[in-house]
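Dropping target-v4.cif in here (mmCIF, C-alpha atoms):
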```
data_entry
#
loop_
_atom_site.label_atom_id
_atom_site.label_comp_id
_atom_site.auth_asym_id
_atom_site.auth_seq_id
_atom_site.Cartn_x
_atom_site.Cartn_y
_atom_site.Cartn_z
CA MET A 319 24.34 45.41 -59.95
CA ALA A 320 26.12 42.77 -62.00
CA PHE A 321 27.98 40.20 -59.93
CA TYR A 322 30.36 37.53 -61.12
CA SER A 323 31.48 34.31 -59.49
CA HIS A 324 35.19 34.75 -58.89
CA SER A 325 37.25 33.48 -56.01
CA SER A 326 38.18 36.10 -53.45
CA MET A 327 41.87 35.55 -54.22
CA PHE A 328 41.32 36.20 -57.92
CA CYS A 329 39.42 39.40 -57.11
CA PHE A 330 42.23 40.52 -54.81
CA PHE A 331 44.85 40.12 -57.54
CA ALA A 332 42.54 41.65 -60.15
CA ILE A 333 42.21 44.75 -58.00
CA LEU A 334 45.98 44.87 -57.51
CA LEU A 335 46.46 44.65 -61.25
CA VAL A 336 43.95 47.41 -61.95
CA PHE A 337 45.38 49.86 -59.45
CA GLY A 338 49.00 48.84 -59.78
CA ASP A 339 48.94 49.10 -63.57
CA ALA A 340 47.20 52.48 -63.45
CA SER A 341 49.59 53.92 -60.90
CA ALA A 342 52.56 52.75 -62.91
CA GLN A 343 51.46 54.39 -66.15
CA LEU A 344 49.75 57.57 -64.95
CA SER A 345 51.75 60.58 -63.80
CA PRO A 346 50.90 63.99 -62.32
CA ILE A 347 53.35 65.63 -64.74
CA TYR A 348 52.14 63.80 -67.85
CA TYR A 349 51.44 67.06 -69.73
CA ALA A 350 54.37 69.08 -68.35
CA LYS A 351 56.10 69.23 -71.74
CA THR A 352 53.33 68.44 -74.23
CA CYS A 353 50.74 70.88 -72.86
CA PRO A 354 52.21 72.85 -69.95
CA ARG A 355 49.13 75.07 -69.48
CA ALA A 356 46.66 72.19 -69.44
CA LEU A 357 46.04 72.20 -65.68
CA SER A 358 45.79 75.97 -65.36
CA THR A 359 43.41 76.11 -68.33
CA ILE A 360 41.10 73.55 -66.71
CA GLN A 361 41.27 75.22 -63.31
CA THR A 362 40.43 78.67 -64.68
CA ALA A 363 37.45 77.32 -66.63
CA VAL A 364 36.14 75.37 -63.64
CA ASN A 365 36.51 78.32 -61.28
CA ASN A 366 34.64 80.57 -63.70
CA ALA A 367 31.87 78.00 -64.16
CA VAL A 368 31.47 77.52 -60.39
CA VAL A 369 31.40 81.27 -59.75
CA LYS A 370 28.70 81.59 -62.41
CA GLU A 371 26.67 78.72 -60.91
CA HIS A 372 27.80 77.14 -57.63
CA ARG A 373 25.86 73.96 -58.40
CA MET A 374 28.18 73.29 -61.33
CA GLY A 375 30.90 72.14 -58.94
CA ALA A 376 28.79 69.21 -57.83
CA SER A 377 27.76 68.49 -61.41
CA LEU A 378 31.36 68.22 -62.62
CA LEU A 379 32.34 66.03 -59.67
CA ARG A 380 29.42 63.73 -60.43
CA LEU A 381 30.39 63.48 -64.12
CA HIS A 382 33.78 62.05 -63.13
CA PHE A 383 32.19 59.58 -60.71
CA HIS A 384 29.62 58.39 -63.25
CA ASP A 385 32.41 58.03 -65.80
CA CYS A 386 34.76 56.01 -63.61
CA PHE A 387 32.18 53.59 -62.22
CA VAL A 388 31.21 52.46 -65.72
CA ASN A 389 34.11 50.53 -67.28
CA GLY A 390 36.72 52.86 -65.80
CA CYS A 391 37.74 56.52 -66.15
CA ASP A 392 37.64 56.69 -69.94
CA ALA A 393 35.22 59.56 -70.72
CA SER A 394 32.66 57.09 -72.09
CA VAL A 395 29.99 59.07 -70.22
CA LEU A 396 30.52 62.00 -72.59
CA LEU A 397 29.79 60.12 -75.82
CA ASP A 398 26.59 60.76 -77.73
CA ASP A 399 24.67 57.85 -79.25
CA THR A 400 25.91 56.54 -82.61
CA SER A 401 24.70 54.00 -85.14
CA SER A 402 26.97 51.37 -83.59
CA PHE A 403 26.31 51.92 -79.86
CA THR A 404 23.95 53.63 -77.45
CA GLY A 405 25.78 55.97 -75.12
CA GLU A 406 25.46 56.27 -71.36
CA LYS A 407 23.68 59.62 -71.22
CA THR A 408 20.22 58.02 -71.37
CA ALA A 409 20.90 55.42 -68.66
CA GLY A 410 18.56 55.58 -65.67
CA PRO A 411 21.08 57.17 -63.27
CA ASN A 412 22.11 59.75 -65.90
CA VAL A 413 19.10 60.84 -67.95
CA ASP A 414 17.69 64.28 -67.05
CA SER A 415 20.30 64.32 -64.30
CA LEU A 416 23.92 64.52 -65.49
CA ARG A 417 24.96 68.03 -66.44
CA GLY A 418 28.05 70.13 -67.05
CA PHE A 419 28.80 68.72 -70.49
CA GLU A 420 29.07 72.22 -71.95
CA VAL A 421 31.80 73.14 -69.43
CA ILE A 422 33.84 70.08 -70.42
CA ASP A 423 33.31 70.87 -74.12
CA ALA A 424 34.51 74.44 -73.64
CA ILE A 425 37.63 73.24 -71.81
CA LYS A 426 38.32 70.72 -74.57
CA THR A 427 38.00 73.42 -77.24
CA SER A 428 40.50 75.62 -75.39
CA LEU A 429 42.96 72.77 -75.01
CA GLU A 430 42.61 71.68 -78.63
CA ASN A 431 43.49 75.22 -79.68
CA ALA A 432 46.54 75.25 -77.41
CA CYS A 433 47.71 71.64 -77.75
CA PRO A 434 45.84 69.75 -80.49
CA GLY A 435 45.31 66.05 -79.87
CA VAL A 436 47.16 65.95 -76.55
CA VAL A 437 44.85 66.19 -73.51
CA SER A 438 42.22 63.49 -73.12
CA CYS A 439 38.61 64.07 -72.17
CA ALA A 440 39.04 61.51 -69.38
CA ASP A 441 41.82 63.59 -67.84
CA ILE A 442 39.75 66.76 -68.19
CA LEU A 443 36.98 65.09 -66.18
CA ALA A 444 39.42 63.97 -63.46
CA VAL A 445 41.03 67.39 -63.07
CA ALA A 446 37.71 69.25 -63.28
CA ALA A 447 36.35 67.11 -60.43
CA ARG A 448 39.33 67.98 -58.23
CA ASP A 449 39.16 71.68 -59.10
CA SER A 450 35.40 71.77 -58.47
CA VAL A 451 35.82 70.45 -54.93
CA ALA A 452 38.64 72.89 -54.25
CA ALA A 453 36.60 75.79 -55.64
CA LEU A 454 33.87 75.05 -53.09
CA ALA A 455 36.32 75.10 -50.14
CA GLY A 456 36.96 71.37 -50.11
CA PRO A 457 40.23 69.42 -50.14
CA SER A 458 42.58 69.14 -53.09
CA TRP A 459 44.65 66.20 -54.25
CA THR A 460 47.23 65.34 -56.89
CA VAL A 461 45.53 64.04 -60.02
CA GLN A 462 47.38 61.32 -61.88
CA LEU A 463 47.29 61.98 -65.63
CA GLY A 464 47.68 60.08 -68.88
CA ARG A 465 44.28 58.45 -69.29
CA ARG A 466 43.07 57.95 -72.84
CA ASP A 467 39.51 58.09 -74.13
CA SER A 468 37.28 55.14 -74.95
CA THR A 469 35.94 54.49 -78.42
CA THR A 470 32.65 53.08 -77.17
CA ALA A 471 30.20 53.33 -74.28
CA SER A 472 27.89 50.98 -72.39
CA LEU A 473 24.29 51.83 -71.61
CA SER A 474 23.83 48.48 -69.86
CA ALA A 475 26.86 48.97 -67.59
CA ALA A 476 25.69 52.48 -66.70
CA ASN A 477 22.32 51.04 -65.71
CA SER A 478 23.82 48.22 -63.64
CA ASP A 479 27.02 49.56 -62.08
CA LEU A 480 26.06 52.93 -60.61
CA PRO A 481 24.64 53.09 -57.08
CA SER A 482 21.01 54.05 -56.61
CA PRO A 483 19.58 56.52 -54.06
CA ALA A 484 17.15 53.76 -53.07
CA MET A 485 19.89 51.35 -51.97
CA ASP A 486 20.19 49.97 -48.46
CA LEU A 487 23.58 49.93 -46.72
CA LYS A 488 24.44 46.36 -47.71
CA ASP A 489 23.83 47.15 -51.38
CA LEU A 490 25.93 50.31 -51.19
CA ILE A 491 28.76 48.32 -49.63
CA SER A 492 28.48 45.66 -52.35
CA THR A 493 28.32 48.17 -55.20
CA PHE A 494 31.46 49.97 -54.08
CA SER A 495 33.22 46.73 -53.15
CA SER A 496 32.75 45.48 -56.71
CA LYS A 497 34.87 48.43 -57.83
CA GLY A 498 37.57 47.72 -55.25
CA PHE A 499 36.47 50.20 -52.56
CA SER A 500 36.28 49.47 -48.85
CA THR A 501 33.24 50.40 -46.81
CA LYS A 502 35.27 53.24 -45.30
CA GLU A 503 36.04 54.60 -48.76
CA MET A 504 32.38 54.31 -49.74
CA VAL A 505 31.34 56.46 -46.78
CA ALA A 506 34.04 59.01 -47.56
CA LEU A 507 32.99 59.25 -51.21
CA SER A 508 29.35 59.60 -50.17
CA GLY A 509 30.43 62.82 -48.51
CA SER A 510 30.42 64.37 -51.98
CA HIS A 511 26.72 64.85 -51.26
CA THR A 512 27.72 67.82 -49.12
CA ILE A 513 27.28 69.72 -52.39
CA GLY A 514 24.70 69.32 -55.13
CA GLN A 515 20.96 68.90 -55.46
CA ALA A 516 18.53 66.07 -56.02
CA ARG A 517 15.22 65.85 -57.83
CA CYS A 518 12.02 65.33 -55.86
CA LEU A 519 11.52 62.04 -57.73
CA MET A 520 14.66 60.68 -56.04
CA PHE A 521 13.63 61.35 -52.44
CA ARG A 522 9.82 61.51 -52.41
CA GLY A 523 9.59 58.01 -50.97
CA ARG A 524 11.87 58.94 -48.08
CA ILE A 525 10.13 62.14 -47.01
CA TYR A 526 6.62 60.67 -47.21
CA ASN A 527 7.12 57.04 -46.17
CA GLU A 528 10.12 56.73 -43.86
CA THR A 529 10.26 57.26 -40.10
CA THR A 530 14.02 57.67 -39.62
CA ILE A 531 13.75 61.33 -40.55
CA ASP A 532 13.55 64.59 -38.60
CA SER A 533 9.96 65.90 -38.58
CA GLU A 534 10.84 69.55 -39.20
CA PHE A 535 13.17 68.54 -42.02
CA THR A 536 10.33 66.47 -43.49
CA LYS A 537 7.93 69.41 -43.47
CA SER A 538 10.38 71.85 -45.04
CA THR A 539 11.36 69.37 -47.74
CA GLN A 540 7.78 68.37 -48.54
CA SER A 541 6.99 72.02 -49.24
CA ASN A 542 9.03 71.78 -52.44
CA CYS A 543 8.29 68.13 -53.22
CA PRO A 544 4.55 67.35 -53.33
CA ILE A 545 3.32 63.80 -53.05
CA THR A 546 2.29 63.96 -56.72
CA GLY A 547 3.82 66.15 -59.40
CA GLY A 548 6.93 68.28 -59.19
CA ASP A 549 9.24 65.37 -60.00
CA SER A 550 11.99 67.70 -61.20
CA ASN A 551 11.82 70.13 -58.28
CA LEU A 552 15.27 70.43 -56.74
CA SER A 553 16.36 70.34 -53.10
CA PRO A 554 19.91 70.59 -51.77
CA ILE A 555 21.24 67.24 -50.55
CA ASP A 556 22.94 69.15 -47.74
CA ALA A 557 20.50 71.90 -46.74
CA THR A 558 22.88 73.27 -44.10
CA SER A 559 25.62 74.50 -46.45
CA PRO A 560 24.65 73.40 -49.98
CA VAL A 561 27.44 75.17 -51.88
CA ILE A 562 30.31 74.60 -49.44
CA PHE A 563 32.25 71.34 -49.44
CA ASP A 564 32.38 70.57 -45.72
CA ASN A 565 31.27 67.92 -43.23
CA ALA A 566 27.72 69.23 -42.70
CA TYR A 567 26.38 66.29 -44.73
CA PHE A 568 27.50 63.94 -41.97
CA ARG A 569 26.12 66.16 -39.21
CA ASN A 570 22.80 66.06 -41.04
CA LEU A 571 22.85 62.26 -41.06
CA VAL A 572 23.46 62.14 -37.30
CA ASN A 573 20.41 64.40 -36.92
CA SER A 574 18.24 62.22 -39.21
CA LYS A 575 18.26 64.84 -41.96
CA GLY A 576 19.60 62.75 -44.82
CA LEU A 577 17.72 63.67 -47.99
CA LEU A 578 18.16 60.42 -49.90
CA HIS A 579 17.36 56.98 -48.51
CA SER A 580 20.91 55.87 -49.37
CA ASP A 581 22.31 58.84 -47.44
CA GLN A 582 20.51 58.06 -44.20
CA GLN A 583 21.46 54.40 -44.52
CA LEU A 584 25.00 55.41 -43.60
CA PHE A 585 23.70 56.35 -40.14
CA SER A 586 20.93 53.91 -39.37
CA GLY A 587 22.23 51.63 -36.63
CA GLY A 588 24.63 49.81 -38.95
CA SER A 589 28.37 49.29 -39.33
CA THR A 590 29.06 52.78 -40.70
CA ASP A 591 27.52 54.80 -37.85
CA SER A 592 30.82 55.33 -36.05
CA GLN A 593 32.57 56.61 -39.17
CA VAL A 594 29.74 59.07 -39.85
CA THR A 595 30.02 60.26 -36.26
CA THR A 596 33.76 60.79 -36.66
CA TYR A 597 33.31 62.79 -39.84
CA SER A 598 30.49 64.81 -38.29
CA SER A 599 32.71 66.05 -35.47
CA GLY A 600 35.49 67.49 -37.65
CA PHE A 601 36.26 67.79 -41.32
CA SER A 602 40.02 67.10 -41.39
CA THR A 603 39.70 63.29 -41.27
CA PHE A 604 36.90 63.38 -43.82
CA PHE A 605 38.90 65.62 -46.16
CA THR A 606 41.93 63.32 -46.00
CA ASP A 607 39.88 60.16 -46.57
CA PHE A 608 37.86 61.76 -49.37
CA ALA A 609 40.95 62.98 -51.23
CA ASN A 610 42.60 59.55 -50.98
CA ALA A 611 39.45 57.81 -52.21
CA MET A 612 39.18 60.22 -55.14
CA VAL A 613 42.75 59.41 -56.22
CA LYS A 614 41.85 55.73 -56.07
CA MET A 615 38.65 56.29 -58.06
CA GLY A 616 40.61 58.16 -60.72
CA ASN A 617 42.76 55.03 -61.12
CA LEU A 618 39.84 52.79 -62.04
CA SER A 619 40.80 50.91 -65.22
CA PRO A 620 42.25 53.78 -67.25
CA LEU A 621 43.10 53.30 -70.90
CA THR A 622 46.82 53.89 -71.40
CA GLY A 623 49.54 53.24 -73.96
CA SER A 624 47.98 52.47 -77.34
CA ASN A 625 44.53 51.68 -75.91
CA GLY A 626 41.74 54.08 -76.72
CA GLU A 627 42.41 57.47 -78.30
CA ILE A 628 42.62 61.18 -77.58
CA ARG A 629 39.27 62.48 -78.78
CA THR A 630 39.21 65.77 -80.64
CA ASN A 631 35.57 66.27 -79.63
CA CYS A 632 34.54 64.72 -76.30
CA LYS A 633 31.05 63.91 -77.61
CA LYS A 634 32.21 61.60 -80.38
CA ILE A 635 35.01 59.24 -81.34
CA ASN A 636 37.55 60.43 -83.88
#
```
What do you get writing this file as C-alpha cells?
Amino acid sequence: MAFYSHSSMFCFFAILLVFGDASAQLSPIYYAKTCPRALSTIQTAVNNAVVKEHRMGASLLRLHFHDCFVNGCDASVLLDDTSSFTGEKTAGPNVDSLRGFEVIDAIKTSLENACPGVVSCADILAVAARDSVAALAGPSWTVQLGRRDSTTASLSAANSDLPSPAMDLKDLISTFSSKGFSTKEMVALSGSHTIGQARCLMFRGRIYNETTIDSEFTKSTQSNCPITGGDSNLSPIDATSPVIFDNAYFRNLVNSKGLLHSDQQLFSGGSTDSQVTTYSSGFSTFFTDFANAMVKMGNLSPLTGSNGEIRTNCKKIN
C-alpha cells in the first residue's frame, strides 16, 4: 500500500473535494435524453449473463471494485497493454483472476450501436455491478452516472492499492481508509464476499496453518485444495449460499468459517467483531450499509467534463 505524508486536515478536505465534486457532476439521469435505453440494455445483458453463469455476478461486481480502487472509477482496469503503458490486467490482484470482460464488451457493442460515443465504459461497470447484486437477490441502489473513461492505466497502482486476502485487520482498515472509507464501510463492502469464488492459492495458508478456523470446514475445504498443486481449484467464499447475495458470509465468520485470512480477520477479537455480529443476525442493516458504501465507491475520483474520453472499445483508447 502506498502511503503519503499529509496532514489529517488536508486529507479530510481532499476527501471532501473528491466526493463533493463527483456528486455535483454525476447524475442518475445523465443518459435520459442521450441514450434512454442505456440502463435497461445493461440490466438485460447482466441478467442474462448471471442466469447463464451465476458466478458472473460476483465477477462483474469485482471488476467495478478493482477499477475504482485504482485511480478512481475510470474503466482503466479494462485497458489492454499498449506500447506506451502496461495495463492493470496483469497486476498481482488481477492476473488469472479478474473475469467478465466479455460481458462488458458485449454491453458496450450494444450501446455503441444504439447510441454511438455516448455511454462510458466506467458507467457500464458501475451499473453492471449494481445489477449483478440485484440479480442475485441483493440490494439495489441508485447509480450516479456521467463518468468518463481514462486514457491510461497503472500497473503499479493496481499492485499497491488493492487489498490482499493475506491482510490483517489493521492493514484492511488502512487500505480502505486511504480511499476515504470508514472501518464500518470496509466491513460492509467485504460482505460482497457472500458471492464469488476464490482460488486455492489464495486460501491454502489459512486452511493448513491457521487455528481460528472450524475443523469440519477445514476438512471439507482441504478436499478441493491440496497442500501442493491445485492452485487454481475454486471454492465458494461463502459455502452456505454461494450464489445468493445475503448475510451468510457474516454468519460464517462468527462460526470461524471465513475462507480467506482477510475475511476471518473481521471477526477475530478485534474492533469489527460487533459489526459482523450485527450483520450476521439480519440482512437489512447490512444491505443498507452495503448499498450506501457502493454509491460512495462509485464516486471515487471520476473523470468528468472534458477529462478523459468516451471509449468506443473498452479495451483500448480511441
Translate the PyMOL selection byres ((chain A and resi 590) around 12) into a concrete residue list for this structure, as a PDB file with C-alpha atoms, in the coordinates of the input.
```
ATOM      1  CA  LEU A 487      23.580  49.930 -46.720  1.00  0.00           C
ATOM      2  CA  LYS A 488      24.440  46.360 -47.710  1.00  0.00           C
ATOM      3  CA  LEU A 490      25.930  50.310 -51.190  1.00  0.00           C
ATOM      4  CA  ILE A 491      28.760  48.320 -49.630  1.00  0.00           C
ATOM      5  CA  SER A 500      36.280  49.470 -48.850  1.00  0.00           C
ATOM      6  CA  THR A 501      33.240  50.400 -46.810  1.00  0.00           C
ATOM      7  CA  LYS A 502      35.270  53.240 -45.300  1.00  0.00           C
ATOM      8  CA  GLU A 503      36.040  54.600 -48.760  1.00  0.00           C
ATOM      9  CA  MET A 504      32.380  54.310 -49.740  1.00  0.00           C
ATOM     10  CA  VAL A 505      31.340  56.460 -46.780  1.00  0.00           C
ATOM     11  CA  ALA A 506      34.040  59.010 -47.560  1.00  0.00           C
ATOM     12  CA  SER A 508      29.350  59.600 -50.170  1.00  0.00           C
ATOM     13  CA  PHE A 568      27.500  63.940 -41.970  1.00  0.00           C
ATOM     14  CA  LEU A 571      22.850  62.260 -41.060  1.00  0.00           C
ATOM     15  CA  VAL A 572      23.460  62.140 -37.300  1.00  0.00           C
ATOM     16  CA  ASP A 581      22.310  58.840 -47.440  1.00  0.00           C
ATOM     17  CA  GLN A 582      20.510  58.060 -44.200  1.00  0.00           C
ATOM     18  CA  GLN A 583      21.460  54.400 -44.520  1.00  0.00           C
ATOM     19  CA  LEU A 584      25.000  55.410 -43.600  1.00  0.00           C
ATOM     20  CA  PHE A 585      23.700  56.350 -40.140  1.00  0.00           C
ATOM     21  CA  SER A 586      20.930  53.910 -39.370  1.00  0.00           C
ATOM     22  CA  GLY A 587      22.230  51.630 -36.630  1.00  0.00           C
ATOM     23  CA  GLY A 588      24.630  49.810 -38.950  1.00  0.00           C
ATOM     24  CA  SER A 589      28.370  49.290 -39.330  1.00  0.00           C
ATOM     25  CA  ASP A 591      27.520  54.800 -37.850  1.00  0.00           C
ATOM     26  CA  SER A 592      30.820  55.330 -36.050  1.00  0.00           C
ATOM     27  CA  GLN A 593      32.570  56.610 -39.170  1.00  0.00           C
ATOM     28  CA  VAL A 594      29.740  59.070 -39.850  1.00  0.00           C
ATOM     29  CA  THR A 595      30.020  60.260 -36.260  1.00  0.00           C
ATOM     30  CA  THR A 596      33.760  60.790 -36.660  1.00  0.00           C
ATOM     31  CA  TYR A 597      33.310  62.790 -39.840  1.00  0.00           C
TER      32      TYR A 597
END
```
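Of the listed residues (A:Ser468, A:Ser619, A:Thr404, A:Asn610), A:Ser468 comes nearest to A:Cys439; the distances count all atoms listed in the file.
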(request) Using the chain letters and numbers from the file, give me the residues hit by the PyMOL selection byres ((chain A and resi 422) around 12), as a PyMOL selection string. (result) chain A and resi 359-361+363-364+367+374+377-379+381-382+393+395-396+417-421+423-429+438-447+631-633
(request) Would you please work out which residue, of A:Asn625, A:Ser450, A:Ser492, A:Asn617, is nearest to A:Cys386 when using all atoms listed in the file? (result)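 Among the listed residues, A:Asn617 lies closest to A:Cys386.
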(message) Given only C-alpha atoms as the basis, pick out the residue of A:Ala484, A:Ala350, A:Ala409, A:Ile562 nearest to A:Ser472.
(response) A:Ala409
(request) Quote the spacing between atom CA of A:Ala566 and atom CA of A:Phe601 in Å to one decimal place. (result) 8.8 Å
(request) Would you write out, as an NGL selection string, every residue that the PyMOL selection byres ((chain A and resi 538-550) around 6) captures in this file? (result) :A and (517-519 or 535-537 or 551)
Preceding selection exported with C-alpha atoms as a short mmCIF file (atom, residue, chain, number, x, y, z; two decimals), keeping the file's coordinate frame:
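Result written to part38.cif:
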```cif
data_model
loop_
_atom_site.label_atom_id
_atom_site.label_comp_id
_atom_site.auth_asym_id
_atom_site.auth_seq_id
_atom_site.Cartn_x
_atom_site.Cartn_y
_atom_site.Cartn_z
CA ARG A 517 15.22 65.85 -57.83
CA CYS A 518 12.02 65.33 -55.86
CA LEU A 519 11.52 62.04 -57.73
CA PHE A 535 13.17 68.54 -42.02
CA THR A 536 10.33 66.47 -43.49
CA LYS A 537 7.93 69.41 -43.47
CA ASN A 551 11.82 70.13 -58.28
#
```
What are the centre and edge lengths in Å, to one decimal, of the axis-aligned box around all listed atoms of stretch 478-482 of chain A with 8 Å added on each side, as AutoDock Vina command-line options?
```
--center_x 24.0 --center_y 51.1 --center_z -60.1 --size_x 22.0 --size_y 21.8 --size_z 23.0
```
(request) Return the single residue from A:Thr470, A:Thr408, A:Ser345, A:Asn366 that is closest to A:Thr622, with distances computed using only C-alpha atoms. (result) A:Ser345
(request) Quick one: pull the distance between atom CA of A:Asp467 and atom CA of A:Gly390, Å, one decimal. (result) 10.2 Å
(request) Mind listing whatever residues come within 12 Å of the point (48.0, 70.0, -77.0)? Use all atoms listed in the file, file coordinates, and give them as a ChimeraX atom specification. (result) /A:348-357,359,426-438,628-630
(message) Taking all atoms listed in the file into account, name the residue in A:Ala609, A:Ile555, A:Ile347, A:Ala376 that is nearest to A:Tyr567.
(response) A:Ile555
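You will find atom CA of A:Phe521 at 17.5 Å from atom CA of A:Asp489.
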(message) With distances taken over all atoms listed in the file, which residue among A:Val388, A:Val461, A:Ile513, A:Leu618 lies nearest A:Asp479?
(response)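 Looking only at the distances to A:Asp479, the closest residue turns out to be A:Val388.
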